[in-house]
Every structure is written in C-alpha cells, then in structure tokens.
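Here's target.txt, which has compact mmCIF, C-alpha atoms:
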# COMPACT_ATOMS: atom_id res chain seq x y z
CA MET G 1 15.30 15.49 -28.29
CA ILE G 2 14.22 15.86 -24.70
CA LEU G 3 11.03 17.66 -25.75
CA THR G 4 9.47 14.30 -26.72
CA GLY G 5 9.48 13.70 -22.95
CA LEU G 6 7.19 16.70 -22.42
CA LEU G 7 4.83 15.43 -25.13
CA LEU G 8 4.71 11.84 -23.83
CA GLY G 9 4.34 13.10 -20.26
CA ALA G 10 1.38 15.23 -21.35
CA VAL G 11 -0.25 12.20 -22.99
CA LEU G 12 0.38 10.20 -19.80
CA GLY G 13 -1.10 12.92 -17.60
CA TYR G 14 -4.13 13.15 -19.89
CA VAL G 15 -4.72 9.38 -19.81
CA LEU G 16 -4.29 9.13 -16.01
CA GLN G 17 -6.70 12.01 -15.40
CA ARG G 18 -9.41 10.71 -17.74
CA SER G 19 -9.18 7.10 -16.54
CA ARG G 20 -8.88 8.14 -12.86
CA PHE G 21 -5.95 5.73 -12.74
CA CYS G 22 -4.54 5.58 -9.24
CA VAL G 23 -1.97 2.93 -8.34
CA THR G 24 -2.39 3.77 -4.64
CA GLY G 25 -6.10 3.01 -4.95
CA ALA G 26 -5.34 -0.13 -6.96
CA PHE G 27 -3.12 -1.52 -4.19
CA ARG G 28 -5.17 -0.18 -1.26
CA ASP G 29 -8.52 -1.50 -2.49
CA VAL G 30 -7.30 -5.10 -2.73
CA TYR G 31 -7.32 -4.92 1.07
CA MET G 32 -9.96 -2.27 1.85
CA ALA G 33 -12.61 -3.17 -0.70
CA ARG G 34 -11.44 -6.69 -1.68
CA SER G 35 -11.45 -5.26 -5.19
CA THR G 36 -9.02 -5.74 -8.07
CA ARG G 37 -10.86 -3.23 -10.27
CA TYR G 38 -7.68 -1.20 -10.90
CA LEU G 39 -5.05 -3.81 -9.96
CA VAL G 40 -5.73 -6.15 -12.90
CA PRO G 41 -5.59 -3.26 -15.45
CA PHE G 42 -2.28 -2.22 -13.81
CA LEU G 43 -0.91 -5.78 -14.22
CA LEU G 44 -2.13 -5.63 -17.83
CA ALA G 45 -0.02 -2.49 -18.34
CA ILE G 46 3.04 -4.37 -17.00
CA ALA G 47 2.36 -7.32 -19.34
CA ILE G 48 1.93 -5.10 -22.42
CA GLN G 49 5.13 -3.26 -21.61
CA ALA G 50 7.02 -6.52 -20.95
CA ILE G 51 6.10 -7.86 -24.40
CA GLY G 52 7.02 -4.58 -26.10
CA VAL G 53 10.30 -4.22 -24.23
CA ALA G 54 11.36 -7.84 -24.88
CA ALA G 55 10.58 -7.43 -28.59
CA LEU G 56 12.39 -4.08 -28.92
CA THR G 57 15.38 -5.42 -26.98
CA GLY G 58 15.49 -8.43 -29.33
CA LEU G 59 15.46 -6.06 -32.30
CA GLY G 60 18.30 -4.06 -30.78
CA VAL G 61 16.26 -0.84 -30.56
CA ILE G 62 16.72 -0.51 -26.79
CA SER G 63 19.02 -2.10 -24.22
CA PRO G 64 17.41 -2.05 -20.76
CA ASP G 65 19.71 -2.41 -17.78
CA PRO G 66 17.77 -3.98 -14.86
CA ALA G 67 18.74 -2.73 -11.39
CA SER G 68 20.90 -4.92 -9.11
CA PHE G 69 18.95 -6.30 -6.16
CA ALA G 70 19.60 -4.72 -2.74
CA PRO G 71 16.99 -6.56 -0.58
CA LEU G 72 17.09 -4.39 2.57
CA ALA G 73 16.91 -1.08 0.73
CA VAL G 74 14.20 -2.34 -1.64
CA ILE G 75 11.98 -3.87 1.08
CA GLY G 76 12.47 -1.05 3.60
CA GLY G 77 12.09 1.65 0.96
CA GLY G 78 9.07 -0.06 -0.60
CA LEU G 79 7.23 -0.36 2.74
CA LEU G 80 7.97 3.28 3.56
CA PHE G 81 6.82 4.40 0.11
CA GLY G 82 3.59 2.38 0.49
CA ILE G 83 2.85 4.10 3.82
CA GLY G 84 3.69 7.48 2.28
CA ILE G 85 1.28 7.15 -0.65
CA ILE G 86 -1.64 6.35 1.68
CA MET G 87 -0.82 9.42 3.77
CA ALA G 88 -0.42 11.60 0.67
CA GLY G 89 -3.53 10.13 -0.97
CA GLY G 90 -1.72 9.20 -4.18
CA CYS G 91 1.49 7.69 -5.54
CA ALA G 92 4.09 9.72 -7.37
CA THR G 93 2.25 9.91 -10.70
CA GLY G 94 -1.06 10.20 -8.85
CA THR G 95 0.28 13.18 -6.93
CA TYR G 96 1.51 14.83 -10.15
CA TYR G 97 -1.81 14.46 -11.94
CA ARG G 98 -3.89 15.51 -8.93
CA ALA G 99 -1.67 18.58 -8.62
CA GLY G 100 -2.62 19.23 -12.26
CA GLU G 101 -6.31 18.99 -11.27
CA GLY G 102 -5.73 21.78 -8.74
CA LEU G 103 -5.53 19.85 -5.45
CA LEU G 104 -3.35 21.92 -3.14
CA GLY G 105 -2.82 18.95 -0.80
CA SER G 106 -1.17 17.14 -3.71
CA TRP G 107 1.10 20.15 -4.35
CA VAL G 108 2.25 19.92 -0.72
CA ALA G 109 2.92 16.18 -1.06
CA LEU G 110 4.69 16.74 -4.39
CA ILE G 111 7.01 19.43 -3.02
CA PHE G 112 8.05 17.32 0.00
CA TYR G 113 8.41 14.19 -2.15
CA ALA G 114 10.71 15.95 -4.64
CA LEU G 115 12.66 17.68 -1.86
CA PHE G 116 13.33 14.48 0.11
CA ALA G 117 14.12 12.49 -3.03
CA ALA G 118 16.77 15.17 -3.73
CA VAL G 119 18.05 15.02 -0.12
CA MET G 120 18.43 11.24 -0.47
CA LYS G 121 19.93 11.23 -3.97
CA TYR G 122 21.97 14.42 -4.36
CA GLY G 123 21.94 15.90 -0.86
CA PRO G 124 23.35 15.16 2.60
CA LEU G 125 21.92 11.61 2.70
CA GLY G 126 23.26 10.68 -0.74
CA SER G 127 26.08 8.54 0.66
CA PHE G 128 23.61 6.72 2.96
CA THR G 129 21.39 5.90 -0.03
CA ASP G 130 24.39 4.72 -2.05
CA ALA G 131 25.63 2.54 0.82
CA ALA G 132 22.18 0.99 1.38
CA ARG G 133 21.70 0.31 -2.33
CA ALA G 134 25.22 -1.14 -2.66
CA ARG G 135 24.38 -4.10 -0.42
CA THR G 136 23.29 -6.28 -3.32
CA VAL G 137 22.88 -10.04 -3.55
CA GLY G 138 22.90 -12.60 -6.37
CA ASP G 139 21.19 -12.09 -9.67
CA ALA G 140 19.31 -9.00 -10.82
CA THR G 141 16.52 -10.77 -12.71
CA ILE G 142 14.34 -13.88 -12.51
CA GLN G 143 15.48 -15.07 -15.96
CA GLU G 144 19.14 -14.85 -14.87
CA THR G 145 18.47 -17.14 -11.88
CA LEU G 146 16.53 -19.60 -14.03
CA GLY G 147 19.02 -19.37 -16.88
CA VAL G 148 16.29 -18.81 -19.45
CA SER G 149 15.39 -16.21 -22.07
CA VAL G 150 13.44 -13.12 -20.96
CA TRP G 151 10.61 -14.46 -23.12
CA VAL G 152 9.93 -17.27 -20.62
CA PRO G 153 8.77 -15.03 -17.72
CA THR G 154 7.24 -12.62 -20.25
CA VAL G 155 5.00 -15.24 -21.86
CA LEU G 156 4.13 -16.90 -18.53
CA PHE G 157 3.21 -13.58 -16.92
CA ALA G 158 1.23 -12.43 -19.98
CA GLY G 159 -0.71 -15.73 -19.83
CA ILE G 160 -1.57 -15.25 -16.14
CA VAL G 161 -2.66 -11.66 -16.76
CA ALA G 162 -4.81 -12.71 -19.74
CA GLY G 163 -6.56 -15.19 -17.44
CA LEU G 164 -7.13 -12.50 -14.79
CA VAL G 165 -8.52 -10.09 -17.39
CA VAL G 166 -11.03 -12.67 -18.66
CA TRP G 167 -12.03 -13.50 -15.05
CA GLN G 168 -12.57 -9.85 -14.13
CA VAL G 169 -14.47 -8.97 -17.32
CA ARG G 170 -16.80 -11.95 -16.84
CA ARG G 171 -17.37 -11.19 -13.19
CA ASN G 172 -18.40 -7.61 -13.93
CA ALA G 173 -20.49 -8.43 -17.00
CA GLY G 174 -24.00 -7.04 -16.74
CA ARG G 175 -23.25 -4.70 -13.84
CA LYS G 176 -24.39 -1.20 -14.73
CA GLN G 177 -22.81 1.84 -13.11
CA ALA G 178 -24.59 5.21 -13.00
CA ALA G 179 -23.03 7.81 -15.31
CA LEU G 180 -22.99 11.59 -15.41
CA PRO G 181 -25.18 13.27 -18.05
CA ALA G 182 -23.30 13.99 -21.31
CA ARG G 183 -22.07 17.56 -21.87
CA ARG G 184 -20.34 17.13 -25.23
CA THR G 185 -21.15 15.34 -28.47
CA GLY G 186 -19.01 13.68 -31.15
CA ILE G 187 -15.34 13.08 -30.47
CA GLY G 188 -15.29 15.55 -27.58
CA HIS G 189 -17.69 13.24 -25.75
CA TYR G 190 -15.02 10.54 -25.73
CA LEU G 191 -11.99 12.78 -25.23
CA ALA G 192 -13.16 15.23 -22.57
CA ASP G 193 -16.49 14.19 -21.16
CA ILE G 194 -17.03 10.54 -20.23
CA PRO G 195 -14.47 8.98 -17.90
CA TRP G 196 -12.30 6.27 -19.51
CA SER G 197 -12.58 2.76 -18.11
CA PRO G 198 -9.68 1.32 -16.08
CA TRP G 199 -9.07 -1.08 -18.99
CA VAL G 200 -8.50 1.80 -21.42
CA GLY G 201 -6.19 3.38 -18.83
CA GLY G 202 -4.22 0.15 -18.36
CA VAL G 203 -3.75 -0.56 -22.07
CA LEU G 204 -2.70 3.03 -22.83
CA LEU G 205 -0.36 3.06 -19.80
CA GLY G 206 1.37 -0.08 -21.15
CA LEU G 207 1.74 1.47 -24.63
CA ILE G 208 3.01 4.78 -23.20
CA ALA G 209 5.58 2.82 -21.14
CA ILE G 210 6.88 1.16 -24.34
CA ALA G 211 7.02 4.51 -26.17
CA ALA G 212 8.96 5.92 -23.20
CA TRP G 213 11.76 3.37 -23.70
CA VAL G 214 12.11 4.28 -27.38
CA LEU G 215 11.87 8.06 -27.00
CA SER G 216 14.07 8.22 -23.89
CA THR G 217 16.76 6.08 -25.54
CA ALA G 218 16.64 8.34 -28.61
CA ALA G 219 17.18 11.33 -26.31
CA GLY G 220 20.31 9.74 -24.82
CA ARG G 221 18.78 8.39 -21.58
CA ASN G 222 18.71 4.60 -21.25
CA GLY G 223 15.48 4.00 -19.33
CA GLY G 224 11.71 3.90 -19.40
CA LEU G 225 9.15 5.85 -17.42
CA GLY G 226 10.56 7.27 -14.18
CA ILE G 227 9.25 9.77 -11.67
CA THR G 228 11.44 9.93 -8.56
CA THR G 229 14.86 10.69 -10.06
CA PRO G 230 13.50 13.48 -12.32
CA SER G 231 11.63 14.97 -9.35
CA ALA G 232 14.90 15.05 -7.38
CA LYS G 233 16.66 16.51 -10.44
CA ILE G 234 14.16 19.39 -10.67
CA VAL G 235 14.83 20.40 -7.06
CA THR G 236 18.59 20.08 -7.50
CA PHE G 237 18.53 22.03 -10.78
CA LEU G 238 16.45 24.81 -9.21
CA THR G 239 18.83 25.14 -6.27
CA THR G 240 22.18 24.71 -8.05
CA GLY G 241 21.52 25.86 -11.62
CA ASP G 242 23.14 22.69 -12.96
CA VAL G 243 21.54 22.51 -16.44
CA THR G 244 22.95 19.02 -17.17
CA LEU G 245 20.28 17.65 -14.78
CA VAL G 246 17.47 18.73 -17.12
CA ASP G 247 16.98 15.61 -19.23
CA TRP G 248 14.17 13.68 -20.96
CA SER G 249 12.75 12.41 -17.66
CA VAL G 250 12.46 15.94 -16.21
CA MET G 251 10.41 16.91 -19.27
CA LEU G 252 8.29 13.77 -18.73
CA VAL G 253 7.19 14.66 -15.20
CA LEU G 254 6.52 18.29 -16.13
CA GLY G 255 4.43 16.93 -19.01
CA ILE G 256 2.27 14.89 -16.59
CA LEU G 257 1.29 18.11 -14.77
CA LEU G 258 0.51 19.81 -18.07
CA GLY G 259 -1.47 16.91 -19.59
CA SER G 260 -3.54 16.37 -16.48
CA PHE G 261 -4.26 20.12 -16.26
CA ILE G 262 -5.45 20.16 -19.90
CA ALA G 263 -7.62 17.06 -19.39
CA ALA G 264 -9.18 18.45 -16.20
CA LYS G 265 -9.71 21.92 -17.68
CA LEU G 266 -11.40 20.56 -20.84
CA SER G 267 -13.65 18.26 -18.79
CA GLY G 268 -14.66 20.92 -16.25
CA GLU G 269 -12.75 19.06 -13.52
CA PHE G 270 -10.11 21.68 -12.68
CA ARG G 271 -10.49 23.80 -9.57
CA TRP G 272 -8.07 24.91 -6.86
CA ARG G 273 -9.14 22.75 -3.94
CA VAL G 274 -7.94 23.48 -0.41
CA PRO G 275 -7.93 20.66 2.14
CA ASP G 276 -8.13 21.11 5.91
CA ALA G 277 -4.97 21.49 8.01
CA ALA G 278 -4.92 17.81 9.06
CA THR G 279 -4.99 16.63 5.44
CA MET G 280 -2.32 19.17 4.48
CA LEU G 281 0.00 17.99 7.29
CA ARG G 282 -0.56 14.34 6.46
CA SER G 283 0.19 15.05 2.79
CA ALA G 284 3.47 16.68 3.81
CA GLY G 285 4.44 13.67 5.96
CA GLY G 286 3.42 11.34 3.14
CA GLY G 287 5.59 13.27 0.71
CA VAL G 288 8.62 12.88 2.99
CA ALA G 289 8.05 9.10 3.32
CA MET G 290 7.58 8.83 -0.46
CA GLY G 291 10.80 10.66 -1.26
CA VAL G 292 12.90 8.68 1.24
CA GLY G 293 11.23 5.35 0.39
CA ALA G 294 11.47 5.70 -3.39
CA ALA G 295 15.12 6.77 -3.24
CA LEU G 296 16.03 3.72 -1.10
CA ALA G 297 13.93 1.27 -3.13
CA GLY G 298 15.32 2.65 -6.39
CA GLY G 299 11.92 3.67 -7.73
CA CYS G 300 8.26 4.36 -7.06
CA THR G 301 5.06 2.70 -8.24
CA ILE G 302 6.13 3.61 -11.78
CA GLY G 303 9.93 3.14 -11.85
CA ASN G 304 9.76 -0.12 -9.87
CA SER G 305 6.19 -1.48 -9.89
CA LEU G 306 5.53 -0.75 -13.58
CA VAL G 307 8.93 -0.55 -15.32
CA GLU G 308 11.38 -2.79 -13.39
CA THR G 309 8.65 -5.45 -13.11
CA SER G 310 8.40 -5.59 -16.91
CA LEU G 311 12.13 -6.43 -16.97
CA PHE G 312 11.40 -9.16 -14.38
CA SER G 313 14.00 -7.78 -12.01
CA TYR G 314 13.85 -8.76 -8.34
CA GLN G 315 13.91 -5.09 -7.41
CA GLY G 316 10.72 -4.53 -9.42
CA TRP G 317 8.69 -7.43 -8.04
CA VAL G 318 9.91 -7.34 -4.43
CA SER G 319 9.27 -3.61 -4.21
CA LEU G 320 5.81 -4.01 -5.78
CA ILE G 321 4.92 -6.44 -2.99
CA ALA G 322 6.56 -4.26 -0.30
CA ILE G 323 4.72 -1.16 -1.52
CA MET G 324 1.42 -3.06 -1.56
CA LEU G 325 1.98 -4.33 2.01
CA GLY G 326 2.89 -0.79 3.05
CA THR G 327 -0.40 0.53 1.64
CA TRP G 328 -2.34 -2.20 3.46
CA GLY G 329 -0.69 -1.48 6.81
CA ALA G 330 -1.18 2.27 6.43
CA ALA G 331 -4.77 1.83 5.20
CA TRP G 332 -5.52 -0.13 8.36
CA PHE G 333 -3.81 2.45 10.58
CA PHE G 334 -5.10 5.65 8.94
CA LEU G 335 -8.43 4.54 7.43
CA VAL G 336 -9.86 1.37 9.00
CA ARG G 337 -8.74 1.77 12.63
CA PRO G 338 -10.18 5.31 13.12
CA GLN G 339 -13.53 4.06 11.83
CA LYS G 340 -13.51 1.16 14.27
CA ILE G 341 -12.68 3.48 17.16
CA ALA G 342 -15.47 5.84 16.09
CA ALA G 343 -17.91 2.94 15.82
CA ALA G 344 -16.92 1.64 19.28
CA ASN G 345 -17.44 5.10 20.82
CA ARG G 346 -20.83 5.58 19.27
CA PRO G 347 -23.61 5.31 21.90
CA ALA G 348 -25.64 2.14 21.62
CA ALA G 349 -29.03 2.51 19.98
CA VAL G 350 -31.75 3.24 22.50
CA LEU G 351 -34.59 0.82 21.99
CA THR G 352 -37.98 1.73 23.33
CA PRO G 353 -40.38 -1.15 23.73
CA ALA G 354 -43.48 -0.79 21.56
CA ALA G 355 -46.63 -0.07 23.53
CA MET O 1 -39.01 8.35 2.92
CA ALA O 2 -36.48 10.74 4.33
CA ALA O 3 -33.54 12.37 2.54
CA TYR O 4 -30.23 13.28 4.18
CA THR O 5 -27.29 15.28 2.89
CA LEU O 6 -23.60 14.51 3.37
CA GLU O 7 -21.12 17.22 2.36
CA THR O 8 -17.63 15.86 1.78
CA ASN O 9 -16.16 18.77 -0.20
CA GLY O 10 -12.44 19.14 0.54
CA ALA O 11 -12.08 15.49 1.55
CA VAL O 12 -9.83 13.46 -0.73
CA CYS O 13 -10.43 9.86 -1.73
CA PRO O 14 -11.11 7.42 -0.21
CA PHE O 15 -12.77 9.57 2.51
CA PRO O 16 -15.97 10.49 0.58
CA LEU O 17 -16.63 6.76 0.09
CA ILE O 18 -15.79 5.86 3.70
CA ASP O 19 -18.08 8.64 5.00
CA ALA O 20 -20.86 7.63 2.60
CA LYS O 21 -20.73 4.02 3.79
CA THR O 22 -20.82 5.07 7.45
CA ALA O 23 -23.72 7.46 6.82
CA MET O 24 -25.64 4.82 4.87
CA GLU O 25 -25.54 2.45 7.86
CA GLN O 26 -27.62 4.94 9.82
CA LEU O 27 -30.34 5.20 7.16
CA SER O 28 -33.44 3.04 6.69
CA THR O 29 -34.41 1.22 3.52
CA GLY O 30 -35.77 3.62 0.92
CA ASP O 31 -34.09 6.70 2.45
CA ASP O 32 -32.03 8.92 0.13
CA LEU O 33 -28.46 9.97 0.83
CA ILE O 34 -27.42 13.08 -1.12
CA ILE O 35 -23.61 13.19 -1.23
CA GLY O 36 -21.73 16.31 -2.32
CA PHE O 37 -18.08 15.72 -3.23
CA ASP O 38 -15.16 17.27 -5.10
CA CYS O 39 -12.69 14.37 -5.33
CA THR O 40 -12.53 13.30 -8.99
CA GLN O 41 -11.89 9.62 -8.24
CA ALA O 42 -15.17 9.47 -6.31
CA THR O 43 -17.05 10.00 -9.61
CA ASP O 44 -16.03 6.38 -10.17
CA SER O 45 -15.87 4.91 -6.66
CA LEU O 46 -19.28 6.17 -5.39
CA PRO O 47 -21.46 4.88 -8.30
CA GLN O 48 -19.32 1.71 -8.33
CA TRP O 49 -20.06 1.16 -4.61
CA ALA O 50 -23.80 1.82 -5.19
CA ALA O 51 -23.88 -0.73 -8.04
CA GLU O 52 -22.05 -3.34 -5.95
CA ALA O 53 -24.19 -2.81 -2.84
CA GLY O 54 -27.40 -2.77 -4.87
CA HIS O 55 -28.39 0.79 -3.92
CA GLU O 56 -30.25 2.75 -6.59
CA VAL O 57 -28.63 5.95 -7.94
CA VAL O 58 -31.54 8.39 -8.16
CA ALA O 59 -29.52 11.40 -9.36
CA PHE O 60 -25.93 12.06 -10.42
CA ASP O 61 -24.78 15.42 -11.74
CA ARG O 62 -22.10 18.12 -11.76
CA VAL O 63 -22.15 21.18 -9.53
CA GLY O 64 -19.91 23.77 -11.19
CA ASP O 65 -16.26 22.98 -11.96
CA ALA O 66 -14.87 19.90 -10.21
CA GLY O 67 -17.91 19.45 -8.00
CA TRP O 68 -20.48 16.70 -8.05
CA THR O 69 -23.61 15.46 -6.31
CA ILE O 70 -24.99 11.94 -6.23
CA THR O 71 -28.21 10.73 -4.62
CA VAL O 72 -28.19 7.10 -3.51
CA ARG O 73 -31.37 5.36 -2.34
CA LYS O 74 -30.75 2.68 0.28
CA ALA O 75 -31.64 -0.84 -0.80
CA ALA O 76 -33.29 -3.36 1.48
What's the structure tokens form of this structure?
Amino acid sequence: MILTGLLLGAVLGYVLQRSRFCVTGAFRDVYMARSTRYLVPFLLAIAIQAIGVAALTGLGVISPDPASFAPLAVIGGGLLFGIGIIMAGGCATGTYYRAGEGLLGSWVALIFYALFAAVMKYGPLGSFTDAARARTVGDATIQETLGVSVWVPTVLFAGIVAGLVVWQVRRNAGRKQAALPARRTGIGHYLADIPWSPWVGGVLLGLIAIAAWVLSTAAGRNGGLGITTPSAKIVTFLTTGDVTLVDWSVMLVLGILLGSFIAAKLSGEFRWRVPDAATMLRSAGGGVAMGVGAALAGGCTIGNSLVETSLFSYQGWVSLIAIMLGTWGAAWFFLVRPQKIAAANRPAAVLTPAA
Amino acid sequence: MAAYTLETNGAVCPFPLIDAKTAMEQLSTGDDLIIGFDCTQATDSLPQWAAEAGHEVVAFDRVGDAGWTITVRKAA
C-alpha cells in the first residue's frame, strides 16, 4: 500500500508548515543567533524515534539496516549539503514545504536538487557515487563498536535530550512572544490559525518518523523517512517511464507538498511569491549542492540527521555534524560577511559639536 | 517619536530578521520600526527577536494572504 506514504507525507507537510519547522534554521541559528530554539526539539524528534524504532525492532515489526560508514563521502557530502541548504534557504523537507506555500525560489531549488540527486544516483555520475560510497571503514553503528545493545545508546541519548529539554523550557519560562490576532475559533483555531510551537513540531516529527518505518515496511520498502532518493526517483521516472521507481517514498515526498499546501491555504499563508533574480540563482546553486551532497552522504537532514541518527549509525551522526558545520561556514560567507562589509563601508556618523 | 518602515517582501528568511536588526541599530530609543514581510518563518523569528532584545511589539497583524506587518518599538 504505497498510498499510506501520500497520507503520512501530507501529515508531515502539515506539521512542518504549522510549526515552521526548519532544520536549516535549527542548525544555522546555533551559530548565527546562539539559539537552540529549534535544535533541541529536533534532537527530541531523534530521541523519540530512536525509542520507537528500538522497541519495534525488538518486537520484530521492523528490521532497520543501518548504512555502512564511508567517511570521505559522508563528510564531503554533508559539508556540501550544509552549504547548499543555506544557499537554497531550506533543507530538503524545508524546500518541499515552502514550495507548497507557493515560494517560487523553493521550486527552483527543489527542481535542481531532484535533478542532481538523479544525476548522482541514476545518471552519468552514478558510478562515481557508488565508488565514493564503497570506501567504507569498520563498523556501521556505535553499538557495534561498543559491543552493546542498541538500548544503551538509545537510553543514554534520550537522557541527554531530556536534560536539554528541561534546560530550554526553564530558560524560556516567563518570556512572552507577541502573537497574531485570532481568526478562527474552536478546533480550527488550533489546527489552522495559531502557529504550533517547535516542541509540538518536534514531538510530532518523532512520531511521524516511527509511523514511517511501520508503513514503509508494510508497503515493501525497508526504511524510514527519506527525501533524496525519492526525489531522484521522481526525475528518473518522469524521464524514463520506469514505473517500478514509484514506491512508498515517492508518495511520501509528494504528500509533503500536498500537506503543506493544505495547511498554508487553510491558514491564509499560501501565495505565489517571486524572489529577485539573485535569490533565484542562489536557490538554483543551492539545489545543485544539495543534490550532489545528499547523494554522496547517503541522505539529507532527514535521511541522515533524523533517521540514521536514531539507528546510531556513524553515517547519521557524522553527517549531522558535517551538515551543521557546512551551514555555519555558509552562513558566515553568505549572511554574516556581507553585513560586516556593508557596516565597514558605511560612512562614519558625523558629529556636530553642540553650541 | 519617529516611525520608519522597512519593506522586506520577497526576501526569504533569515533576511527579514537580518535587515530588521540592521535597521533597528539606526533608530533611537522609543522609535517605531514597521516591518512588512512575507516569509512565513519570520512570523516566529521577528517577535521572538523582539522578546529577546526587550523591544515592545506595538502591532502585529496580517496583510492579505501570506503577508504580515509588525511594529517594533526600540527599547532603551
């Protein structure tokens, strides 16, 4: 039943749009704003998924297969992907849901991302990607190296995240943020009016990631949430007509577009928005870097940073760090540096002595 | 107290926030900065920044579909 992918994707798109969940922003703002406002909820999503996946694996419902670790491809690809998502203004899922909100710049990024993921996976650079990803070392997961049950890293990580959640909630207690006037009453007020907090987004993202494992396995695809491979499959299907490529994950990514469109439309947040030429070009370049980077690293901020991390694979955690460093470097180059140059070129204030 | 407008429509996040911060530096205490924006994430990041920096949000409303305006009064 691949149609469950469309349904779960729509739920995911809806949740991301309402909670303004942006993994790019979560990573970027640790550096730019010294803020973990979205990072801790993202780690919470990993922890929730890790517990669910370990339990379901123990029960024999699913059998995850963590990726082998190819350090060069994962680090290089992760850095490149991190740079790409700053240029494109959103990670893979972010780009899908912003496209659903009507941002034409995100459509440009999405098209180049999917195209270059296809070039790297099924196209002329397929053998290069395979060769880079074949240079693997040692164990695939942390628990393999330590010779312990998956529950050891799961419980340890969940404990750390619980501590971070308590710290962040306490730190923000009492701070009041201005809100938009209400436009709906009753249940509609909660579903399609007020924005959802990052905590709601993180918890639901974790639960959706668990559901993805169960539904995808039931549809004959052993895996959880994934964005890059299905994006490459859509391009390859459209250009070759190979129907076997249309699987559960393809339905999932199409569902994200649909769910985010519905959420934005119901909340009065959908409009075709046209960026300037510079933004459009940068989005295109970002899309290329995202497609190449994610294909090399074996996943994006979802496939690696959210899903592989919950399996405690080296690929997941090393690429999460590489992507984050990539966003920091690119944020400095594209966002902080231009401001500093502008500030340095600004004429000094002219002070007139008081009479 | 003076009021200034900053139109950021078409700019994607984090540019509305970056521009707002830069503009705010040029204002005096008590001045109002009226920011127009159409990036959805800024509906969170702009009021969040105001709350953190201690600026008062005087007005915050929608302007048609996927458009917003927020008026931030500079704190001392």
Distance-based interface of chain G with chain O, 8 Å, counting all atoms listed in the file, as a count of residues only: 17
Atomic separation - CA of Ile83 (chain G) relative to CA of Leu325 (chain G), Å: 8.7 Å
Who sits within 10 Å of Ala23 (chain O), all atoms listed in the file, same chain under 2 positions skipped, as a list in words: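 Using all atoms listed in the file, the neighbours found are Tyr4, Thr5, Leu6, Leu17, Ile18, Asp19, Ala20, Lys21, Glu25, Gln26, Leu27, Leu33 and Ile35 of chain O.
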CA of Thr24 (chain G) to CA of Gly36 (chain O), straight-line distance in Å: 23.2 Å
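With distances restricted to all atoms listed in the file, O:Ala3 is the closest residue to Asp32 (chain O) from O:Ala75, O:Thr8, O:Ala53, O:Ala3.
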All residues 12 Å or closer to Gly82 (chain G), all atoms listed in the file, same chain fewer than 3 positions away omitted, as a ChimeraX atom specification: /G:23-28,74-79,85-92,286-294,297,299-301,305,319-331
Atomic separation - CA of Phe333 (chain G) relative to CA of Phe21 (chain G), Å: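 Rounded to one decimal, the two atoms are 23.6 Å apart.
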Top pick for closest residue to Asp139 (chain G), considering G:Leu191, G:Leu103, G:Ala67, G:Ala45 and counting all atoms listed in the file: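 Counting all atoms listed in the file, the residue closest to Asp139 (chain G) is G:Ala67.
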Give me region 34-47 of chain O with N, CA and C atoms filled in, as an mmCIF file, in the frame of the given file.
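Output file out-v5.cif follows:
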data_model
loop_
_atom_site.group_PDB
_atom_site.id
_atom_site.type_symbol
_atom_site.label_atom_id
_atom_site.label_comp_id
_atom_site.auth_asym_id
_atom_site.auth_seq_id
_atom_site.Cartn_x
_atom_site.Cartn_y
_atom_site.Cartn_z
ATOM 1 N N ILE O 34 -27.901 12.153 -0.085
ATOM 2 C CA ILE O 34 -27.420 13.080 -1.120
ATOM 3 C C ILE O 34 -25.988 13.459 -0.757
ATOM 4 N N ILE O 35 -25.025 12.994 -1.556
ATOM 5 C CA ILE O 35 -23.610 13.190 -1.230
ATOM 6 C C ILE O 35 -23.014 14.259 -2.148
ATOM 7 N N GLY O 36 -22.466 15.306 -1.545
ATOM 8 C CA GLY O 36 -21.730 16.310 -2.320
ATOM 9 C C GLY O 36 -20.252 16.008 -2.190
ATOM 10 N N PHE O 37 -19.508 16.044 -3.315
ATOM 11 C CA PHE O 37 -18.080 15.720 -3.230
ATOM 12 C C PHE O 37 -17.295 16.457 -4.312
ATOM 13 N N ASP O 38 -15.980 16.616 -4.078
ATOM 14 C CA ASP O 38 -15.160 17.270 -5.100
ATOM 15 C C ASP O 38 -13.852 16.508 -5.361
ATOM 16 N N CYS O 39 -13.835 15.221 -5.007
ATOM 17 C CA CYS O 39 -12.690 14.370 -5.330
ATOM 18 C C CYS O 39 -13.022 13.621 -6.616
ATOM 19 N N THR O 40 -12.219 13.848 -7.668
ATOM 20 C CA THR O 40 -12.530 13.300 -8.990
ATOM 21 C C THR O 40 -12.704 11.788 -8.979
ATOM 22 N N GLN O 41 -11.827 11.086 -8.229
ATOM 23 C CA GLN O 41 -11.890 9.620 -8.240
ATOM 24 C C GLN O 41 -13.218 9.100 -7.698
ATOM 25 N N ALA O 42 -13.890 9.911 -6.867
ATOM 26 C CA ALA O 42 -15.170 9.470 -6.310
ATOM 27 C C ALA O 42 -16.265 9.428 -7.376
ATOM 28 N N THR O 43 -16.055 10.108 -8.525
ATOM 29 C CA THR O 43 -17.050 10.000 -9.610
ATOM 30 C C THR O 43 -17.093 8.563 -10.117
ATOM 31 N N ASP O 44 -16.038 7.804 -9.818
ATOM 32 C CA ASP O 44 -16.030 6.380 -10.170
ATOM 33 C C ASP O 44 -16.373 5.526 -8.954
ATOM 34 N N SER O 45 -15.736 5.831 -7.804
ATOM 35 C CA SER O 45 -15.870 4.910 -6.660
ATOM 36 C C SER O 45 -17.276 4.947 -6.039
ATOM 37 N N LEU O 46 -17.947 6.116 -6.016
ATOM 38 C CA LEU O 46 -19.280 6.170 -5.390
ATOM 39 C C LEU O 46 -20.337 5.408 -6.214
ATOM 40 N N PRO O 47 -20.484 5.682 -7.530
ATOM 41 C CA PRO O 47 -21.460 4.880 -8.300
ATOM 42 C C PRO O 47 -21.092 3.399 -8.349
#
